[in-house]
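J.: run_9.cif is the file, holding mmCIF, C-alpha atoms and all ligand atoms:
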```cif
data_start
#
loop_
_atom_site.label_atom_id
_atom_site.label_comp_id
_atom_site.auth_asym_id
_atom_site.auth_seq_id
_atom_site.Cartn_x
_atom_site.Cartn_y
_atom_site.Cartn_z
CA MET R 1 -38.11 23.93 21.30
CA ARG R 2 -36.14 25.72 18.60
CA PHE R 3 -33.62 23.97 16.37
CA ALA R 4 -30.99 26.35 17.76
CA ASP R 5 -31.62 24.90 21.24
CA LEU R 6 -30.58 21.37 20.20
CA LYS R 7 -27.26 20.03 21.39
CA LEU R 8 -26.77 16.46 20.19
CA SER R 9 -23.74 14.49 19.26
CA SER R 10 -22.89 11.03 17.96
CA LEU R 11 -19.96 9.47 16.12
CA GLY R 12 -21.25 10.60 12.71
CA LEU R 13 -23.72 13.47 13.29
CA ARG R 14 -23.87 16.47 15.58
CA VAL R 15 -26.14 19.45 16.13
CA ALA R 16 -25.19 22.57 18.08
CA ASN R 17 -25.64 26.34 17.75
CA ALA R 18 -28.19 25.86 14.94
CA ARG R 19 -25.59 23.97 12.87
CA LEU R 20 -26.18 20.43 11.58
CA GLU R 21 -22.89 18.66 10.84
CA ILE R 22 -21.98 15.22 9.55
CA LEU R 23 -18.73 13.30 9.59
CA ASP R 24 -17.86 12.56 5.95
CA GLN R 25 -17.62 8.76 6.08
CA ARG R 26 -16.15 8.57 2.57
CA LEU R 27 -12.87 9.90 3.95
CA LEU R 28 -12.54 7.51 6.90
CA PRO R 29 -10.38 6.03 8.32
CA ASP R 30 -7.64 8.45 7.26
CA GLN R 31 -9.43 11.77 7.57
CA GLU R 32 -12.04 12.90 10.10
CA ALA R 33 -13.72 15.81 8.32
CA TRP R 34 -16.95 17.37 9.59
CA VAL R 35 -19.20 19.02 7.02
CA GLU R 36 -21.89 21.58 7.80
CA VAL R 37 -25.17 20.72 6.02
CA ARG R 38 -26.28 23.79 4.02
CA ASP R 39 -29.79 22.81 3.03
CA HIS R 40 -31.95 19.80 2.20
CA ARG R 41 -30.49 19.38 -1.32
CA HIS R 42 -27.06 19.19 0.27
CA MET R 43 -28.35 16.52 2.70
CA VAL R 44 -29.85 14.54 -0.21
CA GLU R 45 -26.44 14.59 -1.92
CA ILE R 46 -24.74 13.59 1.37
CA ILE R 47 -27.06 10.60 1.72
CA LYS R 48 -26.85 9.55 -1.95
CA THR R 49 -23.05 9.64 -1.96
CA LEU R 50 -22.84 7.72 1.36
CA ALA R 51 -21.03 10.52 3.17
CA VAL R 52 -23.72 9.63 5.71
CA ARG R 53 -24.87 6.02 5.61
CA GLY R 54 -26.31 3.16 7.67
CA ALA R 55 -30.05 2.61 7.93
CA PRO R 56 -30.78 4.27 11.31
CA LEU R 57 -28.38 7.16 10.72
CA ILE R 58 -29.89 8.19 7.39
CA GLY R 59 -33.30 8.25 9.07
CA VAL R 60 -32.05 10.48 11.88
CA ALA R 61 -30.09 12.69 9.46
CA ALA R 62 -33.11 13.24 7.20
CA ALA R 63 -35.37 14.02 10.18
CA MET R 64 -32.82 16.51 11.53
CA GLU R 65 -32.55 18.22 8.14
CA LEU R 66 -36.34 18.57 7.96
CA ALA R 67 -36.33 20.36 11.35
CA HIS R 68 -33.30 22.37 10.20
CA ALA R 69 -35.18 23.40 7.04
CA ALA R 70 -38.12 24.58 9.17
CA SER R 71 -35.73 26.66 11.29
CA ARG R 72 -34.46 28.37 8.12
CA GLY R 73 -38.02 29.23 7.15
CA GLU R 74 -38.24 26.93 4.10
CA SER R 75 -41.66 27.52 2.58
CA ASP R 76 -42.58 24.08 1.20
CA LEU R 77 -41.64 21.60 3.92
CA ARG R 78 -43.72 18.82 2.35
CA ALA R 79 -41.61 19.04 -0.80
CA VAL R 80 -38.44 19.06 1.33
CA ALA R 81 -39.70 15.94 3.14
CA ALA R 82 -40.48 14.20 -0.15
CA GLU R 83 -36.98 14.86 -1.55
CA LEU R 84 -35.29 13.63 1.61
CA ARG R 85 -37.54 10.55 1.73
CA ALA R 86 -36.57 9.56 -1.83
CA SER R 87 -32.81 9.92 -1.38
CA ARG R 88 -32.20 6.14 -0.97
CA PRO R 89 -34.74 3.36 -1.58
CA THR R 90 -33.88 0.30 0.52
CA ALA R 91 -33.35 1.26 4.17
CA VAL R 92 -36.85 1.75 5.54
CA ASN R 93 -35.64 3.87 8.47
CA LEU R 94 -35.50 6.82 6.09
CA MET R 95 -39.17 6.56 5.10
CA TRP R 96 -40.12 5.65 8.68
CA ALA R 97 -38.43 8.77 10.08
CA ILE R 98 -39.86 11.19 7.51
CA ASP R 99 -43.38 9.72 7.76
CA ARG R 100 -43.20 9.95 11.54
CA MET R 101 -42.10 13.60 11.34
CA LEU R 102 -45.05 14.48 9.09
CA ARG R 103 -47.49 12.51 11.26
CA GLU R 104 -46.36 13.62 14.73
CA ALA R 105 -45.44 17.19 13.76
CA ALA R 106 -48.38 17.68 11.43
CA ASP R 107 -48.48 21.47 12.01
CA LEU R 108 -44.97 21.55 10.42
CA THR R 109 -43.72 24.19 12.84
CA GLU R 110 -40.06 24.40 13.77
CA ALA R 111 -40.97 23.57 17.38
CA SER R 112 -42.89 20.39 16.54
CA LEU R 113 -40.43 19.13 13.93
CA THR R 114 -37.48 19.74 16.27
CA ARG R 115 -39.23 17.89 19.10
CA VAL R 116 -39.93 14.83 16.95
CA ALA R 117 -36.44 14.82 15.39
CA LYS R 118 -34.92 14.88 18.87
CA ALA R 119 -37.19 12.02 19.97
CA ILE R 120 -36.07 9.96 16.95
CA PHE R 121 -32.43 10.64 17.86
CA ASP R 122 -32.90 9.77 21.56
CA GLU R 123 -34.89 6.63 20.78
CA ASP R 124 -32.20 5.38 18.41
CA VAL R 125 -29.61 5.69 21.18
CA ALA R 126 -31.86 3.67 23.52
CA MET R 127 -32.70 1.03 20.90
CA CYS R 128 -29.00 0.47 20.13
CA LEU R 129 -28.29 -0.17 23.79
CA ALA R 130 -31.24 -2.54 24.07
CA MET R 131 -30.16 -4.52 20.96
CA GLY R 132 -26.66 -4.76 22.39
CA ASN R 133 -27.89 -6.01 25.75
CA ASN R 134 -30.31 -8.49 24.15
CA GLY R 135 -27.71 -9.94 21.78
CA ALA R 136 -24.60 -9.94 23.99
CA PRO R 137 -25.36 -13.28 25.73
CA LEU R 138 -25.30 -14.98 22.29
CA ILE R 139 -21.50 -14.54 22.16
CA GLN R 140 -19.42 -16.96 24.22
CA ASP R 141 -15.82 -16.77 25.38
CA GLY R 142 -13.49 -17.95 22.63
CA ASP R 143 -15.99 -17.47 19.78
CA GLY R 144 -14.94 -16.36 16.33
CA VAL R 145 -17.54 -13.80 15.25
CA LEU R 146 -18.16 -12.81 11.65
CA THR R 147 -19.67 -9.48 10.61
CA ILE R 148 -20.17 -7.49 7.41
CA CYS R 149 -20.51 -3.84 6.43
CA ASN R 150 -20.54 -1.22 9.17
CA THR R 151 -23.20 -1.42 11.85
CA GLY R 152 -21.75 0.68 14.67
CA GLY R 153 -21.85 4.25 15.89
CA LEU R 154 -21.26 5.47 12.34
CA ALA R 155 -24.42 3.73 11.09
CA THR R 156 -26.67 4.87 13.97
CA VAL R 157 -26.55 7.61 16.58
CA GLY R 158 -25.96 5.12 19.39
CA ILE R 159 -23.58 2.16 19.71
CA GLY R 160 -24.94 0.46 16.62
CA THR R 161 -26.95 -2.62 15.70
CA ALA R 162 -24.82 -5.76 15.17
CA PHE R 163 -21.84 -3.79 16.44
CA ALA R 164 -23.73 -3.03 19.67
CA VAL R 165 -23.93 -6.78 20.34
CA LEU R 166 -20.15 -7.09 19.94
CA GLN R 167 -19.50 -4.01 22.06
CA ARG R 168 -21.81 -5.02 24.93
CA ALA R 169 -20.44 -8.61 24.99
CA PHE R 170 -16.92 -7.19 25.14
CA GLU R 171 -17.85 -4.71 27.87
CA GLN R 172 -19.40 -7.56 29.84
CA GLY R 173 -16.01 -9.27 29.85
CA ARG R 174 -16.40 -11.91 27.14
CA ARG R 175 -13.27 -12.47 25.06
CA PHE R 176 -13.78 -13.35 21.40
CA HIS R 177 -12.32 -12.50 18.00
CA VAL R 178 -14.14 -10.58 15.29
CA TYR R 179 -13.58 -11.24 11.58
CA ALA R 180 -14.71 -8.17 9.65
CA CYS R 181 -15.58 -8.69 5.98
CA GLU R 182 -14.17 -5.80 3.95
CA THR R 183 -17.55 -5.44 2.15
CA ARG R 184 -16.96 -4.82 -1.54
CA PRO R 185 -17.63 -2.61 -3.36
CA LEU R 186 -17.60 0.36 -0.96
CA LEU R 187 -15.50 -1.23 1.77
CA GLN R 188 -17.57 -0.18 4.78
CA GLY R 189 -16.15 -3.16 6.69
CA GLY R 190 -12.52 -2.52 5.78
CA ARG R 191 -12.65 1.24 6.25
CA LEU R 192 -15.23 1.79 9.01
CA THR R 193 -15.82 -1.35 11.10
CA THR R 194 -12.10 -1.92 11.63
CA TRP R 195 -11.82 1.75 12.72
CA GLU R 196 -14.68 1.31 15.22
CA LEU R 197 -13.43 -2.08 16.51
CA ALA R 198 -10.02 -0.52 17.19
CA LYS R 199 -11.64 2.40 19.04
CA VAL R 200 -13.47 -0.01 21.39
CA GLY R 201 -10.46 -2.35 21.64
CA ILE R 202 -12.13 -5.54 20.39
CA PRO R 203 -9.58 -7.96 18.87
CA HIS R 204 -10.24 -8.26 15.15
CA THR R 205 -8.95 -9.34 11.76
CA LEU R 206 -9.92 -7.94 8.38
CA ILE R 207 -10.78 -10.43 5.63
CA THR R 208 -12.01 -10.09 2.07
CA ASP R 209 -15.62 -11.24 1.72
CA SER R 210 -14.52 -14.38 -0.13
CA MET R 211 -12.45 -15.65 2.83
CA ALA R 212 -15.37 -16.34 5.16
CA ALA R 213 -15.95 -19.88 3.84
CA THR R 214 -12.36 -20.92 4.51
CA LEU R 215 -12.56 -19.65 8.10
CA MET R 216 -15.84 -21.47 8.68
CA ARG R 217 -14.47 -24.68 7.20
CA ALA R 218 -11.54 -24.40 9.62
CA GLY R 219 -13.94 -24.08 12.57
CA ARG R 220 -12.80 -20.57 13.38
CA ILE R 221 -16.24 -18.92 13.24
CA GLN R 222 -19.04 -19.84 15.65
CA CYS R 223 -21.55 -17.06 15.00
CA ALA R 224 -22.30 -14.20 12.62
CA PHE R 225 -24.04 -10.87 13.32
CA THR R 226 -25.24 -8.50 10.61
CA GLY R 227 -27.33 -5.36 10.56
CA ALA R 228 -30.47 -4.95 8.45
CA ASP R 229 -31.86 -2.24 6.20
CA ARG R 230 -35.43 -3.53 6.00
CA VAL R 231 -36.99 -6.51 7.79
CA SER R 232 -40.15 -7.96 6.25
CA ARG R 233 -42.99 -9.53 8.28
CA ARG R 234 -41.72 -12.96 7.24
CA GLY R 235 -38.32 -12.22 8.78
CA ASP R 236 -36.53 -12.09 5.41
CA TYR R 237 -34.34 -9.02 5.52
CA ALA R 238 -32.34 -6.78 3.21
CA ASN R 239 -28.81 -5.89 4.22
CA LYS R 240 -25.53 -5.02 2.54
CA ILE R 241 -24.69 -7.09 -0.53
CA GLY R 242 -22.82 -10.20 0.60
CA THR R 243 -24.99 -10.84 3.66
CA TYR R 244 -26.95 -13.55 1.82
CA ASN R 245 -23.69 -15.28 0.83
CA MET R 246 -22.67 -15.27 4.51
CA ALA R 247 -26.02 -16.75 5.56
CA VAL R 248 -25.78 -19.59 3.02
CA LEU R 249 -22.24 -20.37 4.17
CA ALA R 250 -23.31 -20.23 7.82
CA LYS R 251 -26.15 -22.71 7.22
CA TYR R 252 -23.83 -25.17 5.48
CA HIS R 253 -21.18 -24.96 8.22
CA GLY R 254 -23.57 -24.94 11.20
CA VAL R 255 -22.65 -21.38 12.21
CA ARG R 256 -25.32 -19.42 14.14
CA PHE R 257 -26.51 -16.47 12.03
CA TYR R 258 -28.26 -13.37 13.49
CA GLY R 259 -29.78 -10.21 12.01
CA VAL R 260 -29.77 -7.25 14.40
CA ALA R 261 -32.16 -4.32 13.93
CA PRO R 262 -34.16 -1.69 15.80
CA TRP R 263 -37.94 -1.64 15.42
CA SER R 264 -37.52 1.35 13.02
CA THR R 265 -36.03 -1.13 10.50
CA VAL R 266 -39.05 -3.46 10.63
CA ASP R 267 -41.42 -2.75 7.75
CA ALA R 268 -44.79 -4.08 8.88
CA SER R 269 -46.24 -3.23 5.45
CA CYS R 270 -43.76 -5.55 3.71
CA PRO R 271 -44.89 -9.19 3.63
CA SER R 272 -41.63 -10.82 2.50
CA GLY R 273 -38.19 -10.29 1.04
CA GLU R 274 -39.18 -10.22 -2.60
CA HIS R 275 -41.14 -7.01 -1.98
CA ILE R 276 -38.06 -5.08 -0.89
CA GLU R 277 -36.72 -2.60 -3.44
CA ILE R 278 -32.98 -3.07 -3.89
CA GLU R 279 -30.90 -0.01 -4.72
CA GLU R 280 -28.61 -0.36 -7.74
CA ARG R 281 -25.62 1.94 -7.69
CA HIS R 282 -23.15 3.36 -10.21
CA ALA R 283 -20.98 0.97 -12.23
CA ASP R 284 -17.79 2.86 -11.34
CA GLU R 285 -18.06 1.59 -7.75
CA VAL R 286 -17.30 -1.88 -9.12
CA ARG R 287 -14.88 -0.86 -11.89
CA GLY R 288 -12.60 0.60 -9.22
CA VAL R 289 -12.62 2.21 -5.81
CA ALA R 290 -12.45 5.73 -4.35
CA GLY R 291 -11.69 7.17 -0.93
CA SER R 292 -9.31 9.42 0.97
CA PHE R 293 -6.56 7.33 -0.64
CA GLY R 294 -7.60 8.56 -4.10
CA GLN R 295 -9.50 7.07 -6.99
CA VAL R 296 -8.48 4.01 -8.98
CA ARG R 297 -10.07 2.13 -11.84
CA TRP R 298 -8.76 -1.29 -12.71
CA ALA R 299 -11.51 -2.72 -14.91
CA PRO R 300 -12.04 -1.72 -18.56
CA ARG R 301 -13.71 1.71 -18.60
CA ASP R 302 -16.89 0.47 -20.27
CA VAL R 303 -17.24 -3.05 -18.85
CA ALA R 304 -20.82 -3.97 -18.03
CA VAL R 305 -21.41 -4.04 -14.28
CA PHE R 306 -24.10 -5.35 -11.92
CA ASN R 307 -24.06 -3.35 -8.68
CA PRO R 308 -26.96 -4.06 -6.29
CA SER R 309 -26.17 -2.37 -2.98
CA PHE R 310 -28.14 -4.89 -0.90
CA ASP R 311 -29.34 -8.49 -0.97
CA VAL R 312 -32.11 -10.31 0.84
CA THR R 313 -31.47 -13.09 3.35
CA PRO R 314 -34.45 -15.45 3.63
CA ALA R 315 -35.75 -16.21 7.13
CA GLU R 316 -34.90 -19.93 6.70
CA LEU R 317 -31.21 -19.08 6.99
CA VAL R 318 -31.60 -16.93 10.10
CA THR R 319 -31.05 -18.39 13.58
CA GLY R 320 -32.53 -15.34 15.26
CA LEU R 321 -33.49 -11.69 14.89
CA VAL R 322 -32.04 -9.53 17.65
CA LEU R 323 -34.34 -6.55 18.12
CA ASP R 324 -34.46 -3.85 20.77
CA ARG R 325 -37.51 -5.64 22.18
CA GLY R 326 -35.96 -9.13 22.38
CA VAL R 327 -34.45 -12.02 20.44
CA TYR R 328 -36.83 -13.93 18.17
CA LYS R 329 -36.56 -17.06 16.07
CA PRO R 330 -38.02 -16.24 12.62
CA GLU R 331 -41.26 -18.15 13.38
CA GLU R 332 -41.65 -16.22 16.67
CA PHE R 333 -41.00 -12.97 14.83
CA GLN R 334 -43.70 -13.80 12.26
CA ARG R 335 -46.24 -14.22 15.07
CA LEU R 336 -45.69 -10.59 16.18
CA PHE R 337 -47.85 -9.40 13.26
O1 LIG M 1 -25.03 1.29 1.95
P1 LIG M 1 -24.88 1.45 3.43
O2 LIG M 1 -23.47 1.61 3.87
O3 LIG M 1 -25.80 2.52 3.98
O4 LIG M 1 -25.40 0.05 4.01
C1 LIG M 1 -25.44 -0.13 5.40
C2 LIG M 1 -25.80 -1.50 5.78
O5 LIG M 1 -26.09 -2.34 4.96
C3 LIG M 1 -25.90 -1.80 7.24
O6 LIG M 1 -25.58 -3.14 7.49
C4 LIG M 1 -27.34 -1.51 7.64
O7 LIG M 1 -27.65 -0.16 7.47
C5 LIG M 1 -27.77 -1.96 8.96
S1 LIG M 1 -26.72 -1.59 10.33
C6 LIG M 1 -27.03 -0.04 10.79
#
```
How does the structure come out when it is put into structure tokens?
T.:
Amino acid sequence: MRFADLKLSSLGLRVANARLEILDQRLLPDQEAWVEVRDHRHMVEIIKTLAVRGAPLIGVAAAMELAHAASRGESDLRAVAAELRASRPTAVNLMWAIDRMLREAADLTEASLTRVAKAIFDEDVAMCLAMGNNGAPLIQDGDGVLTICNTGGLATVGIGTAFAVLQRAFEQGRRFHVYACETRPLLQGGRLTTWELAKVGIPHTLITDSMAATLMRAGRIQCAFTGADRVSRRGDYANKIGTYNMAVLAKYHGVRFYGVAPWSTVDASCPSGEHIEIEERHADEVRGVAGSFGQVRWAPRDVAVFNPSFDVTPAELVTGLVLDRGVYKPEEFQRLF
């Protein structure tokens, strides 16, 4: 199969007529701008700047660019793979996808790399559906459901991870209300999850991250679903900064708390949460905010900033891990290894 034969499309990535395009997520929800990926350095910049983001999607995007590079006749595909693999450190799907490409398409031909990239894409679609179907029964009529960051079609090439659970429960006829945390500093919840919830028609309310405790105290949240960027063998998992806060609050208030991830997010080589590398990002993301609405800074220009992009939720705080292969209590999950 040649790269030019691929015809694939998802909410945030599409391939057709030998062109690889991404939806620039930095401009959502106000502008829907598709960008053609020129080469692997362009894709690295796209991933680093979060124009493309979400653990499964960055894995698929990097795999596609490696096949794309082969189709352009790039001479050193191992170097291309290494640059793509290093573009972000925490979400293991990126390393998983590139390692799988090099292992299963070891001859590094365009045909082999395209075949494996397409398999990674197709499997992500199937895993999203399976996670959604596995997790949907955990939501009951009348529930208030808390979520953070963006875990839907923009973060995967299917219907998402945690978002898939919400979508499948809604499609099955359950009626519930979603509270979407805005997700400082980059506002993936406020900009992207609200956009996706509106597209599907799920009733929802946007809150700042600091409002979750008040809602829980008032009995308005019964369960919480988050995605994951890397799940360790112990069941501790890294996800967007603020997830750990939510888990602590959920434990205190007796709210059920679930992490939702495909098997490509499980890092069998990682024993526990403290071994997960946490990406630290630029201070300006905290000193202000930027998007299609413009760029603002409100903090002093040189104020010291701490900006970890992810945190780790320990397995003790997790009611269950919703995977494409089933729902596991942390102790059941640990026995899989
Ligand atoms: O920095 P981002 O926007 O790539 O972070 C994304 C998340 O933390 C998601 O919750 C995670 O990738 C899992 S859901 C696909």
J.: Per residue of stretch 280-325 of chain R within 9 Å of stretch 126-135 of chain R, record the nearest atom pair and its distance in Å to one decimal, counting all atoms listed in the file, with rows in chain order and ascending residue number, as CSV.
T.:
```
residue,atom,partner,partner_atom,distance
R:Val322,CA,R:Gly135,CA,6.0
R:Leu323,CA,R:Met131,CA,5.4
R:Asp324,CA,R:Met131,CA,4.4
R:Arg325,CA,R:Ala130,CA,7.2
```
J.: Determine, for each residue of chain R having at least one atom at most 8 Å from an atom of ligand LIG 1 (chain M), the closest pair of atoms and their separation in Å to one decimal, counting all atoms listed in the file; order by chain and ascending number, as CSV.
T.:
```
residue,atom,partner,partner_atom,distance
R:Leu50,CA,M:LIG1,O3,6.5
R:Val52,CA,M:LIG1,O3,7.6
R:Arg53,CA,M:LIG1,O3,4.0
R:Gly54,CA,M:LIG1,O7,3.6
R:Ala55,CA,M:LIG1,O7,3.7
R:Pro56,CA,M:LIG1,C6,5.7
R:Leu57,CA,M:LIG1,C6,7.3
R:Ile58,CA,M:LIG1,O3,7.8
R:Ala91,CA,M:LIG1,O7,6.7
R:Ile148,CA,M:LIG1,O6,6.9
R:Cys149,CA,M:LIG1,O6,5.2
R:Asn150,CA,M:LIG1,O6,5.6
R:Thr151,CA,M:LIG1,S1,3.8
R:Gly152,CA,M:LIG1,C6,6.6
R:Ala155,CA,M:LIG1,C6,4.6
R:Thr156,CA,M:LIG1,C6,5.9
R:Gly160,CA,M:LIG1,C6,6.2
R:Thr161,CA,M:LIG1,S1,5.5
R:Ala162,CA,M:LIG1,S1,6.7
R:Leu186,CA,M:LIG1,O2,7.7
R:Gln188,CA,M:LIG1,O2,6.2
R:Thr226,CA,M:LIG1,O6,6.2
R:Gly227,CA,M:LIG1,C5,3.8
R:Ala228,CA,M:LIG1,C5,4.1
R:Asp229,CA,M:LIG1,C4,4.8
R:Ala238,CA,M:LIG1,O5,7.9
R:Asn239,CA,M:LIG1,O5,4.5
R:Lys240,CA,M:LIG1,O5,3.7
R:Ile241,CA,M:LIG1,O5,7.4
R:Val260,CA,M:LIG1,S1,7.6
R:Ala261,CA,M:LIG1,C5,7.0
R:Ser309,CA,M:LIG1,O1,6.2
R:Phe310,CA,M:LIG1,O5,6.7
```
J.: Can you list every residue of stretch 60-87 of chain R that has an atom at most 12 Å from stretch 5-8 of chain R, with its nearest atom pair and the distance in Å to one decimal, using all atoms listed in the file, ordered by chain then number, as JSON lines?
T.:
```
{"residue": "R:Val60", "atom": "CA", "partner": "R:Leu8", "partner_atom": "CA", "distance": 11.5}
{"residue": "R:Ala61", "atom": "CA", "partner": "R:Leu8", "partner_atom": "CA", "distance": 11.8}
{"residue": "R:Met64", "atom": "CA", "partner": "R:Leu6", "partner_atom": "CA", "distance": 10.2}
{"residue": "R:Ala67", "atom": "CA", "partner": "R:Leu6", "partner_atom": "CA", "distance": 10.6}
{"residue": "R:His68", "atom": "CA", "partner": "R:Leu6", "partner_atom": "CA", "distance": 10.4}
{"residue": "R:Ser71", "atom": "CA", "partner": "R:Asp5", "partner_atom": "CA", "distance": 10.9}
```
J.: Quick check, in Å to one decimal: how far apart do atom CA of R:Val35 and atom CA of R:Ile22 lie?
T.: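 Separation of atom CA of R:Val35 and atom CA of R:Ile22: 5.3 Å.
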J.: Which residue gives the smallest distance to R:Met95 among R:Asp311, R:Glu83, R:Glu171, R:Asp124, with only C-alpha atoms counted?
T.: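 With only C-alpha atoms as the atom set, the closest residue is R:Glu83.
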J.: Rank nothing, just name the residue among R:Ser269, R:Ser10, R:Asn307, R:Thr109 nearest to R:Leu66, using all atoms listed in the file.
T.: R:Thr109
J.: Taking into account all atoms listed in the file, which residue in the set R:Ser264, R:Thr90, R:Gln25, R:Gln31 is nearest to R:Thr49?
T.: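 Smallest separation from R:Thr49 among the options: R:Gln25.
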J.: Just how far from atom CA of R:Arg230 is atom CA of R:Ala106, in Å to one decimal?
T.: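 We find that atom CA of R:Ala106 and atom CA of R:Arg230 lie 25.4 Å from each other.
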J.: Nearest to R:Leu317 among R:Phe333, R:Phe163, R:Trp263, R:Tyr258, with distances taken over only C-alpha atoms: which residue is it?
T.: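 Once distances to R:Leu317 are computed over only C-alpha atoms, the minimum belongs to R:Tyr258.
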J.: Of the candidates R:Asn93, R:Gln222, R:Ser112, R:Thr208, which shows the shortest atom-to-atom distance to R:Ile139, using all atoms listed in the file?
T.: R:Gln222
J.: I'd like the interatomic distance between atom CA of R:Glu110 and atom CA of R:Glu45, to a tenth of an Å.
T.: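 Atom CA of R:Glu110 sits 23.0 Å away from atom CA of R:Glu45.
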J.: With only C-alpha atoms as the atoms that count, which of R:Arg85, R:Arg2, R:Arg26, R:Ala63 lies nearest to R:Ile120?
T.: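 Smallest separation from R:Ile120 among the options: R:Ala63.
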